[in-house]
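See below for entry-v5.txt, which holds compact mmCIF, C-alpha atoms and all ligand atoms.
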```txt
# COMPACT_ATOMS: atom_id res chain seq x y z
CA MET C 20 45.30 -28.34 58.13
CA HIS C 21 45.37 -25.36 55.76
CA ALA C 22 48.90 -26.15 54.55
CA GLN C 23 48.96 -24.33 51.21
CA ARG C 24 47.25 -21.25 52.62
CA LEU C 25 49.74 -21.07 55.47
CA VAL C 26 52.70 -21.40 53.12
CA ASP C 27 51.29 -18.74 50.76
CA THR C 28 50.62 -16.25 53.57
CA ALA C 29 54.02 -16.83 55.20
CA LYS C 30 55.76 -16.31 51.86
CA ALA C 31 53.73 -13.17 51.14
CA LEU C 32 54.75 -11.63 54.48
CA VAL C 33 58.47 -11.81 53.61
CA ALA C 34 58.21 -11.41 49.83
CA GLY C 35 60.44 -9.00 47.89
CA ASP C 36 61.90 -6.25 50.04
CA LYS C 37 58.94 -5.59 52.31
CA GLY C 38 58.63 -6.32 56.03
CA LEU C 39 56.21 -6.19 58.93
CA LEU C 40 55.07 -3.38 61.15
CA ALA C 41 54.45 -4.38 64.76
CA MET C 42 51.71 -2.04 66.02
CA ASP C 43 50.56 -4.48 68.68
CA GLU C 44 51.61 -2.68 71.84
CA SER C 45 49.36 -3.80 74.66
CA THR C 46 47.41 -1.04 76.40
CA PRO C 47 49.95 -0.71 79.26
CA THR C 48 52.88 -0.50 76.80
CA CYS C 49 51.11 1.97 74.50
CA ASN C 50 50.09 4.09 77.49
CA ARG C 51 53.67 4.08 78.79
CA ARG C 52 54.93 5.36 75.42
CA PHE C 53 52.17 8.03 75.34
CA ALA C 54 52.86 9.05 78.95
CA GLY C 55 56.54 9.58 78.14
CA LEU C 56 55.45 12.24 75.63
CA GLY C 57 52.60 13.71 77.65
CA ILE C 58 49.93 12.24 75.33
CA ALA C 59 46.55 11.37 76.87
CA GLN C 60 46.11 7.66 77.54
CA THR C 61 42.58 6.74 76.43
CA ALA C 62 41.10 4.19 74.02
CA GLU C 63 40.09 7.04 71.70
CA VAL C 64 43.61 8.48 71.55
CA ARG C 65 45.09 5.02 70.94
CA ARG C 66 42.54 4.65 68.11
CA ALA C 67 43.61 8.01 66.64
CA TYR C 68 47.26 6.95 66.77
CA ARG C 69 46.59 3.63 65.04
CA ASP C 70 44.37 5.43 62.48
CA MET C 71 47.31 7.72 61.69
CA ILE C 72 49.46 4.64 61.07
CA VAL C 73 47.15 2.60 58.86
CA THR C 74 46.11 5.60 56.72
CA THR C 75 49.72 6.50 55.91
CA PRO C 76 49.80 7.00 52.12
CA ARG C 77 51.68 4.27 50.20
CA LEU C 78 52.50 2.30 53.38
CA GLY C 79 51.71 -0.94 51.54
CA GLU C 80 54.68 -0.31 49.23
CA CYS C 81 57.02 -1.11 52.13
CA ILE C 82 54.92 -3.01 54.67
CA SER C 83 53.64 -6.51 53.90
CA GLY C 84 51.81 -7.16 57.16
CA ALA C 85 50.84 -5.32 60.34
CA ILE C 86 50.35 -6.85 63.78
CA LEU C 87 47.35 -5.44 65.64
CA TYR C 88 46.42 -5.59 69.33
CA ASP C 89 43.08 -6.95 70.56
CA GLU C 90 41.73 -3.46 71.30
CA THR C 91 42.62 -2.20 67.82
CA ILE C 92 41.20 -5.11 65.82
CA ARG C 93 37.84 -4.43 67.52
CA GLN C 94 37.94 -0.68 66.76
CA LEU C 95 36.96 1.24 63.61
CA THR C 96 39.19 3.71 61.79
CA PHE C 97 37.98 7.31 61.46
CA ALA C 98 36.51 6.20 58.11
CA ASP C 99 34.36 3.71 60.07
CA THR C 100 36.21 0.70 58.68
CA PRO C 101 37.45 -2.13 60.92
CA PHE C 102 41.24 -1.87 61.19
CA ALA C 103 41.80 -5.31 59.64
CA GLN C 104 39.79 -4.31 56.57
CA ALA C 105 41.56 -0.95 56.32
CA LEU C 106 44.89 -2.79 56.25
CA GLU C 107 43.68 -5.21 53.55
CA ALA C 108 42.51 -2.24 51.47
CA ALA C 109 46.01 -0.75 51.80
CA GLY C 110 47.56 -3.99 50.55
CA ILE C 111 48.77 -5.00 54.02
CA VAL C 112 48.03 -8.40 55.56
CA PRO C 113 46.38 -8.02 58.99
CA GLY C 114 47.78 -9.98 61.94
CA ILE C 115 47.09 -10.13 65.65
CA LYS C 116 49.11 -10.46 68.86
CA VAL C 117 47.54 -13.32 70.81
CA ASP C 118 49.75 -13.77 73.87
CA ALA C 119 48.49 -12.50 77.19
CA GLY C 120 51.84 -11.07 78.24
CA ALA C 121 54.90 -12.23 80.14
CA LYS C 122 54.32 -13.03 83.82
CA GLU C 123 56.68 -14.04 86.65
CA LEU C 124 57.73 -17.68 86.30
CA ALA C 125 57.10 -19.51 89.57
CA GLY C 126 60.23 -20.77 91.22
CA HIS C 127 62.48 -18.73 88.91
CA CYS C 128 63.26 -15.37 90.47
CA GLY C 129 63.72 -12.63 87.85
CA GLU C 130 62.39 -14.70 84.94
CA LEU C 131 59.19 -14.54 82.91
CA VAL C 132 56.91 -16.94 81.09
CA THR C 133 54.40 -15.82 78.49
CA GLU C 134 50.81 -16.80 79.19
CA GLY C 135 47.71 -17.02 77.00
CA LEU C 136 47.20 -20.66 75.95
CA ASP C 137 43.91 -21.03 77.83
CA GLY C 138 41.05 -20.44 75.39
CA LEU C 139 43.48 -19.68 72.56
CA ARG C 140 41.79 -22.07 70.10
CA GLU C 141 38.50 -20.15 70.43
CA ARG C 142 40.21 -16.72 70.29
CA LEU C 143 42.03 -17.68 67.09
CA ILE C 144 38.75 -18.64 65.44
CA GLU C 145 37.32 -15.25 66.45
CA TYR C 146 40.37 -13.31 65.19
CA ALA C 147 40.32 -15.21 61.88
CA ALA C 148 36.66 -14.23 61.46
CA MET C 149 37.68 -10.59 62.07
CA GLY C 150 40.19 -10.83 59.21
CA ALA C 151 43.49 -11.77 60.87
CA ARG C 152 45.64 -14.02 58.68
CA PHE C 153 48.61 -14.38 60.98
CA ALA C 154 49.37 -14.15 64.69
CA LYS C 155 52.22 -13.32 67.03
CA TRP C 156 53.37 -14.56 70.47
CA ARG C 157 56.38 -13.07 72.26
CA ALA C 158 58.46 -14.90 74.86
CA VAL C 159 60.94 -12.91 76.95
CA ILE C 160 64.33 -14.28 77.98
CA THR C 161 66.48 -12.30 80.42
CA ILE C 162 70.27 -12.51 80.57
CA GLY C 163 71.70 -12.07 84.07
CA ASP C 164 73.76 -13.66 86.77
CA GLY C 165 73.00 -17.37 86.25
CA LEU C 166 70.14 -16.48 83.89
CA PRO C 167 68.45 -17.65 81.81
CA SER C 168 67.62 -20.94 83.51
CA ARG C 169 66.76 -24.08 81.56
CA GLY C 170 63.38 -23.99 83.26
CA CYS C 171 62.62 -20.57 81.77
CA ILE C 172 63.86 -21.47 78.29
CA GLU C 173 61.92 -24.75 78.19
CA ALA C 174 58.68 -23.30 79.58
CA ASN C 175 58.70 -20.48 77.00
CA ALA C 176 59.70 -22.75 74.11
CA HIS C 177 56.92 -25.19 74.96
CA ALA C 178 54.34 -22.40 75.06
CA LEU C 179 55.58 -20.95 71.76
CA ALA C 180 55.26 -24.35 70.09
CA ARG C 181 51.77 -25.03 71.43
CA TYR C 182 50.68 -21.54 70.32
CA ALA C 183 52.17 -22.12 66.86
CA ALA C 184 50.41 -25.47 66.45
CA LEU C 185 47.06 -23.92 67.44
CA CYS C 186 47.58 -21.08 64.94
CA GLN C 187 48.24 -23.47 62.08
CA GLU C 188 45.18 -25.53 63.04
CA ALA C 189 43.13 -22.30 62.72
CA GLY C 190 44.75 -21.34 59.39
CA LEU C 191 46.79 -18.45 60.83
CA VAL C 192 50.52 -18.19 60.21
CA PRO C 193 52.31 -18.12 63.59
CA ILE C 194 55.09 -15.64 64.17
CA VAL C 195 57.28 -17.20 66.83
CA GLU C 196 59.06 -14.48 68.83
CA PRO C 197 61.60 -15.61 71.44
CA GLU C 198 63.17 -12.30 72.48
CA VAL C 199 66.48 -12.35 74.34
CA LEU C 200 66.49 -8.89 75.94
CA MET C 201 69.26 -6.32 75.41
CA ASP C 202 69.14 -5.32 79.10
CA GLY C 203 72.44 -5.82 80.96
CA ASP C 204 76.17 -5.39 80.55
CA HIS C 205 76.93 -8.81 79.00
CA PRO C 206 79.16 -9.02 75.93
CA LEU C 207 78.05 -9.94 72.41
CA GLY C 208 79.22 -13.55 72.81
CA ARG C 209 76.93 -14.13 75.79
CA CYS C 210 73.90 -12.93 73.83
CA GLY C 211 74.98 -15.25 71.01
CA ALA C 212 75.32 -18.30 73.27
CA VAL C 213 71.97 -17.66 74.99
CA THR C 214 70.13 -16.95 71.72
CA GLU C 215 71.52 -20.11 70.15
CA GLU C 216 70.44 -22.25 73.10
CA VAL C 217 66.99 -20.64 73.02
CA LEU C 218 66.58 -21.21 69.28
CA HIS C 219 67.67 -24.86 69.48
CA THR C 220 65.13 -25.41 72.26
CA VAL C 221 62.36 -23.56 70.41
CA PHE C 222 62.86 -25.53 67.19
CA ASP C 223 63.03 -28.79 69.14
CA GLN C 224 59.65 -27.96 70.68
CA LEU C 225 58.21 -26.82 67.34
CA HIS C 226 59.21 -30.21 65.92
CA THR C 227 57.70 -32.06 68.89
CA GLN C 228 54.42 -30.16 68.44
CA GLU C 229 54.46 -30.91 64.67
CA VAL C 230 54.52 -27.31 63.54
CA MET C 231 55.01 -26.92 59.78
CA LEU C 232 58.12 -24.76 59.44
CA GLU C 233 57.23 -23.65 55.90
CA GLY C 234 54.06 -22.05 57.31
CA MET C 235 55.62 -20.00 60.12
CA LEU C 236 57.97 -17.04 60.62
CA LEU C 237 60.63 -16.53 63.27
CA LYS C 238 60.87 -13.10 64.96
CA PRO C 239 64.20 -13.10 66.81
CA ASN C 240 66.47 -10.53 68.40
CA MET C 241 69.72 -9.61 66.71
CA ILE C 242 72.86 -10.83 68.52
CA LEU C 243 73.93 -7.67 70.36
CA PRO C 244 76.03 -6.79 73.39
CA GLY C 245 73.98 -5.74 76.41
CA ALA C 246 72.88 -2.10 76.31
CA ASP C 247 75.22 -1.35 79.25
CA CYS C 248 78.23 -3.25 77.88
CA ALA C 249 81.26 -0.98 77.46
CA ASP C 250 82.23 -2.74 74.22
CA GLN C 251 79.46 -1.95 71.72
CA SER C 252 80.39 -4.17 68.76
CA ASN C 253 80.66 -2.85 65.23
CA VAL C 254 78.00 -3.52 62.61
CA ASP C 255 79.88 -6.30 60.83
CA ASP C 256 80.55 -8.18 64.10
CA VAL C 257 76.84 -8.04 64.91
CA ALA C 258 75.97 -9.28 61.41
CA ASP C 259 78.46 -12.15 61.57
CA ALA C 260 77.43 -13.23 65.08
CA THR C 261 73.73 -13.08 64.22
CA LEU C 262 73.88 -14.96 60.93
CA GLY C 263 76.40 -17.47 62.30
CA CYS C 264 73.94 -18.29 65.07
CA PHE C 265 70.93 -18.53 62.74
CA LEU C 266 72.74 -20.71 60.19
CA ARG C 267 73.46 -23.17 63.01
CA ALA C 268 70.08 -23.01 64.77
CA VAL C 269 67.28 -22.09 62.31
CA PRO C 270 66.15 -24.82 59.91
CA ALA C 271 66.24 -23.90 56.21
CA ALA C 272 62.56 -24.82 55.85
CA VAL C 273 61.41 -21.83 57.94
CA ALA C 274 59.54 -19.43 55.63
CA GLY C 275 61.35 -16.34 56.84
CA ILE C 276 63.02 -14.42 59.61
CA ALA C 277 61.73 -10.98 60.63
CA PHE C 278 63.70 -9.20 63.35
CA LEU C 279 62.36 -7.27 66.33
CA SER C 280 64.24 -4.03 67.02
CA GLY C 281 64.35 -4.46 70.81
CA GLY C 282 65.12 -0.85 71.75
CA GLN C 283 67.84 -0.10 69.17
CA SER C 284 67.63 3.31 67.55
CA SER C 285 65.76 3.39 64.25
CA ALA C 286 68.94 4.06 62.27
CA LEU C 287 70.98 1.35 63.97
CA ALA C 288 68.30 -1.29 63.45
CA SER C 289 68.21 -0.43 59.72
CA THR C 290 72.02 -0.32 59.48
CA ARG C 291 72.44 -3.74 61.06
CA LEU C 292 69.66 -5.32 58.99
CA SER C 293 71.21 -3.89 55.85
CA ALA C 294 74.68 -5.22 56.71
CA MET C 295 73.29 -8.70 57.32
CA ASN C 296 71.50 -8.75 53.99
CA LEU C 297 74.56 -7.40 52.18
CA ARG C 298 77.09 -9.78 53.74
CA PHE C 299 75.01 -12.96 53.74
CA LYS C 300 72.75 -12.53 50.69
CA SER C 301 74.07 -15.60 48.88
CA ARG C 302 74.37 -17.78 51.99
CA MET C 303 70.92 -17.49 53.60
CA PRO C 304 68.24 -20.12 53.03
CA TRP C 305 65.49 -17.76 54.30
CA PRO C 306 64.47 -14.15 53.57
CA LEU C 307 65.79 -11.79 56.25
CA ALA C 308 63.17 -9.12 56.96
CA PHE C 309 61.97 -6.85 59.76
CA SER C 310 59.03 -6.79 62.14
CA PHE C 311 59.87 -3.60 64.00
CA ALA C 312 57.68 -1.63 66.37
CA ARG C 313 59.76 1.13 67.96
CA ALA C 314 62.32 1.32 65.13
CA ILE C 315 59.53 2.24 62.68
CA GLN C 316 57.04 4.03 64.90
CA GLN C 317 59.06 6.07 67.37
CA PRO C 318 59.94 9.09 65.16
CA ALA C 319 56.34 9.28 63.94
CA LEU C 320 54.95 9.03 67.47
CA GLU C 321 57.15 11.90 68.63
CA ILE C 322 55.98 14.11 65.74
CA TRP C 323 52.32 13.14 66.05
CA HIS C 324 52.20 13.93 69.79
CA GLY C 325 48.46 13.32 69.95
CA GLN C 326 47.64 16.26 67.64
CA ALA C 327 45.52 15.82 64.50
CA ALA C 328 47.38 18.72 62.87
CA ASN C 329 50.60 16.69 63.02
CA VAL C 330 49.22 13.64 61.19
CA PRO C 331 50.70 14.41 57.73
CA ALA C 332 54.20 15.03 59.13
CA ALA C 333 54.00 11.94 61.34
CA GLN C 334 52.89 9.82 58.38
CA GLN C 335 55.81 11.12 56.37
CA ALA C 336 58.20 10.05 59.16
CA LEU C 337 56.56 6.65 59.42
CA PHE C 338 56.78 6.08 55.68
CA HIS C 339 60.41 7.19 55.71
CA ARG C 340 61.38 4.58 58.32
CA ALA C 341 59.42 1.91 56.43
CA GLU C 342 61.30 2.86 53.24
CA CYS C 343 64.66 2.76 55.09
CA ASN C 344 63.96 -0.78 56.21
CA ARG C 345 62.85 -1.75 52.74
CA ALA C 346 66.28 -0.56 51.52
CA ALA C 347 67.90 -2.52 54.37
CA ARG C 348 66.27 -5.69 53.11
CA ARG C 349 68.14 -5.16 49.84
CA GLY C 350 71.38 -4.37 51.72
CA GLU C 351 71.16 -0.80 50.42
CA TYR C 352 70.38 1.32 53.50
CA ASP C 353 72.74 4.29 53.71
CA SER C 354 72.84 5.62 57.27
CA ALA C 355 75.00 8.58 56.22
CA ALA C 356 72.39 9.74 53.70
CA ASP C 357 69.72 9.25 56.36
CA ALA C 358 71.71 11.12 59.05
CA PRO C 359 69.81 14.44 58.99
CA ARG C 360 66.58 12.60 59.82
CA GLN C 361 67.88 10.06 62.31
CA THR C 362 66.40 9.66 65.78
C1 LIG F 401 59.85 -6.84 71.30
O1 LIG F 401 58.64 -6.26 71.01
C2 LIG F 401 58.10 -6.48 69.71
C3 LIG F 401 58.90 -5.79 68.67
O2 LIG F 401 58.96 -4.41 69.00
P1 LIG F 401 60.32 -3.63 68.90
O3 LIG F 401 60.71 -3.67 67.44
O4 LIG F 401 59.99 -2.25 69.39
O5 LIG F 401 61.31 -4.35 69.78
C4 LIG F 401 56.65 -5.95 69.68
O6 LIG F 401 55.91 -6.59 68.68
C5 LIG F 401 56.02 -6.16 71.01
O7 LIG F 401 55.71 -7.51 71.15
C6 LIG F 401 54.82 -5.25 71.07
O8 LIG F 401 55.28 -3.93 71.08
C7 LIG F 401 53.94 -5.53 72.25
O9 LIG F 401 54.64 -5.48 73.43
P2 LIG F 401 53.81 -5.69 74.80
O10 LIG F 401 54.90 -5.71 75.85
O11 LIG F 401 52.92 -4.54 74.95
O12 LIG F 401 53.08 -6.98 74.72
```

Represent the structure from my file as structure tokens, please.
Amino acid sequence: MHAQRLVDTAKALVAGDKGLLAMDESTPTCNRRFAGLGIAQTAEVRRAYRDMIVTTPRLGECISGAILYDETIRQLTFADTPFAQALEAAGIVPGIKVDAGAKELAGHCGELVTEGLDGLRERLIEYAAMGARFAKWRAVITIGDGLPSRGCIEANAHALARYAALCQEAGLVPIVEPEVLMDGDHPLGRCGAVTEEVLHTVFDQLHTQEVMLEGMLLKPNMILPGADCADQSNVDDVADATLGCFLRAVPAAVAGIAFLSGGQSSALASTRLSAMNLRFKSRMPWPLAFSFARAIQQPALEIWHGQAANVPAAQQALFHRAECNRAARRGEYDSAADAPRQT
């Protein structure tokens, strides 16, 4: 195994105050976001959007790594450079989403299991040859009446662990993403209990599959009340619930934690990350970073709107959100100062 290389890459991805940019929306997800804004949904327009992102001036000052989608890693930027190489040139480590998406779990109505293990060993070798140095796999856990089931949690945890072991065999750092969705009206405590059970199960499976924790990153949800819950907890309650859960369930050997944003507004995601870093700085055994998609990209996407003339303004918005999250890693994000630009 490539132990030292894995440890070095994992550390580099969460070093200092930088974080990751998830730009790995699958074609259906990217098209859905484009459709919502009336942007044409073609491979060429998706390429233009991703070109806007990776050519953002000084992005590498805030972003350590970027997660690409299969379509993008095979495309060239407008400067005729493969996207992975363009990222390396910008000082950003290229990564790749390797799951094949969440599908209905047989026998478990309303629950999903992420697929993509078939042929993964060969795909990882191909992605590594294209320049990817880390990978990502997302499992989706739904909270509902009687959900999640043990069957769903165990199936997803097993797949995450087998994916992670294959990544390390190929020399790619696995990002393990078990996302407990915000959908629903459940209270904060329910999200906390479910997330803790999921994390215990995931780390049990990672141990069983002999995954080296020092050479992987965890990409979890924050502990939040459901989006439809009447009691939307304050920032400190979210920070305390989230870090309390992680301190109980995430081994200290894990190289780092990088949150997903999960549909929170850009400002709220930064505010909560900042509060966690401020309140728990001296008590955390791992760096606490970000791996946001919507919470970094959304304002830029809305400005860009598919128009080349909007690229400079969109890049400014993208860089601004990246900088905000860099400040949040230091516990220094000021949402009041950011207010005029919030979306
Ligand atoms: C949860 O989604 C991940 C983080 O994004 P947010 O910060 O917006 O929550 C993200 O990496 C996600 O996995 C990609 O957007 C790809 O999603 P799909 O559903 O297209 O595979």

As AutoDock Vina command-line options, please report the centre and edge lengths, rounded to one decimal in Å, of the axis-aligned box that holds all listed atoms of ligand LIG 401 (chain F) with 8 Å of padding on each of the six sides.
```
--center_x 57.1 --center_y -4.9 --center_z 71.6 --size_x 24.4 --size_y 21.3 --size_z 24.4
```

>> Which residues are near segment 59-68 of chain C? Cut-off 9 Å, all atoms listed in the file, ignore same chain within fewer than 5 positions. Put them as a ChimeraX atom specification.
In response: /C:46,49-51,53-54,90-91,94-97,320,323,325,327,330

> Which residues form the shell of 8 Å around ligand LIG 401 (chain F) when you count all atoms listed in the file, given as a count of residues only?
Replying inline: 31

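Going from atom CA of Ile115 of chain C over to atom CA of Ile92 of chain C, you cover 7.7 Å.
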
>> Distance cut-off 7 Å, centre (72.9, 5.5, 63.8) in file coordinates, counting all atoms listed in the file: which residues qualify? Return them as a list in words.
In response: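 Collected hits near the coordinates: Ser284, Ala286, Leu287, Ser354 and Gln361 of chain C.
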
> Could you state the separation of atom CA of Thr75 of chain C and atom CA of Ala31 of chain C in Å, given to one decimal place?
Replying inline: 20.6 Å

Since the input is missing atoms, can you rebuild N, CA and C atoms for segment 81-94 of chain C and write them as a PDB file, keeping the file's coordinate frame?
```pdb
ATOM      1  N   CYS C  81      55.885  -0.672  51.310  1.00  0.00           N
ATOM      2  CA  CYS C  81      57.020  -1.110  52.130  1.00  0.00           C
ATOM      3  C   CYS C  81      56.624  -2.170  53.159  1.00  0.00           C
ATOM      4  N   ILE C  82      55.371  -2.158  53.575  1.00  0.00           N
ATOM      5  CA  ILE C  82      54.920  -3.010  54.670  1.00  0.00           C
ATOM      6  C   ILE C  82      54.012  -4.121  54.131  1.00  0.00           C
ATOM      7  N   SER C  83      54.419  -5.359  54.398  1.00  0.00           N
ATOM      8  CA  SER C  83      53.640  -6.510  53.900  1.00  0.00           C
ATOM      9  C   SER C  83      52.521  -6.889  54.869  1.00  0.00           C
ATOM     10  N   GLY C  84      52.785  -6.747  56.162  1.00  0.00           N
ATOM     11  CA  GLY C  84      51.810  -7.160  57.160  1.00  0.00           C
ATOM     12  C   GLY C  84      51.920  -6.289  58.392  1.00  0.00           C
ATOM     13  N   ALA C  85      50.823  -6.128  59.108  1.00  0.00           N
ATOM     14  CA  ALA C  85      50.840  -5.320  60.340  1.00  0.00           C
ATOM     15  C   ALA C  85      50.194  -6.128  61.460  1.00  0.00           C
ATOM     16  N   ILE C  86      50.851  -6.097  62.620  1.00  0.00           N
ATOM     17  CA  ILE C  86      50.350  -6.850  63.780  1.00  0.00           C
ATOM     18  C   ILE C  86      49.514  -5.910  64.647  1.00  0.00           C
ATOM     19  N   LEU C  87      48.255  -6.262  64.844  1.00  0.00           N
ATOM     20  CA  LEU C  87      47.350  -5.440  65.640  1.00  0.00           C
ATOM     21  C   LEU C  87      47.250  -6.002  67.070  1.00  0.00           C
ATOM     22  N   TYR C  88      46.708  -5.176  67.957  1.00  0.00           N
ATOM     23  CA  TYR C  88      46.420  -5.590  69.330  1.00  0.00           C
ATOM     24  C   TYR C  88      44.916  -5.809  69.430  1.00  0.00           C
ATOM     25  N   ASP C  89      44.499  -6.613  70.406  1.00  0.00           N
ATOM     26  CA  ASP C  89      43.080  -6.950  70.560  1.00  0.00           C
ATOM     27  C   ASP C  89      42.172  -5.720  70.532  1.00  0.00           C
ATOM     28  N   GLU C  90      42.567  -4.664  71.268  1.00  0.00           N
ATOM     29  CA  GLU C  90      41.730  -3.460  71.300  1.00  0.00           C
ATOM     30  C   GLU C  90      41.545  -2.879  69.894  1.00  0.00           C
ATOM     31  N   THR C  91      42.646  -2.849  69.135  1.00  0.00           N
ATOM     32  CA  THR C  91      42.620  -2.200  67.820  1.00  0.00           C
ATOM     33  C   THR C  91      41.788  -2.989  66.807  1.00  0.00           C
ATOM     34  N   ILE C  92      41.917  -4.316  66.826  1.00  0.00           N
ATOM     35  CA  ILE C  92      41.200  -5.110  65.820  1.00  0.00           C
ATOM     36  C   ILE C  92      39.681  -5.004  66.035  1.00  0.00           C
ATOM     37  N   ARG C  93      39.275  -4.589  67.236  1.00  0.00           N
ATOM     38  CA  ARG C  93      37.840  -4.430  67.520  1.00  0.00           C
ATOM     39  C   ARG C  93      37.363  -2.994  67.273  1.00  0.00           C
ATOM     40  N   GLN C  94      38.305  -2.089  66.984  1.00  0.00           N
ATOM     41  CA  GLN C  94      37.940  -0.680  66.760  1.00  0.00           C
ATOM     42  C   GLN C  94      37.720  -0.399  65.273  1.00  0.00           C
TER      43      GLN C  94
END
```
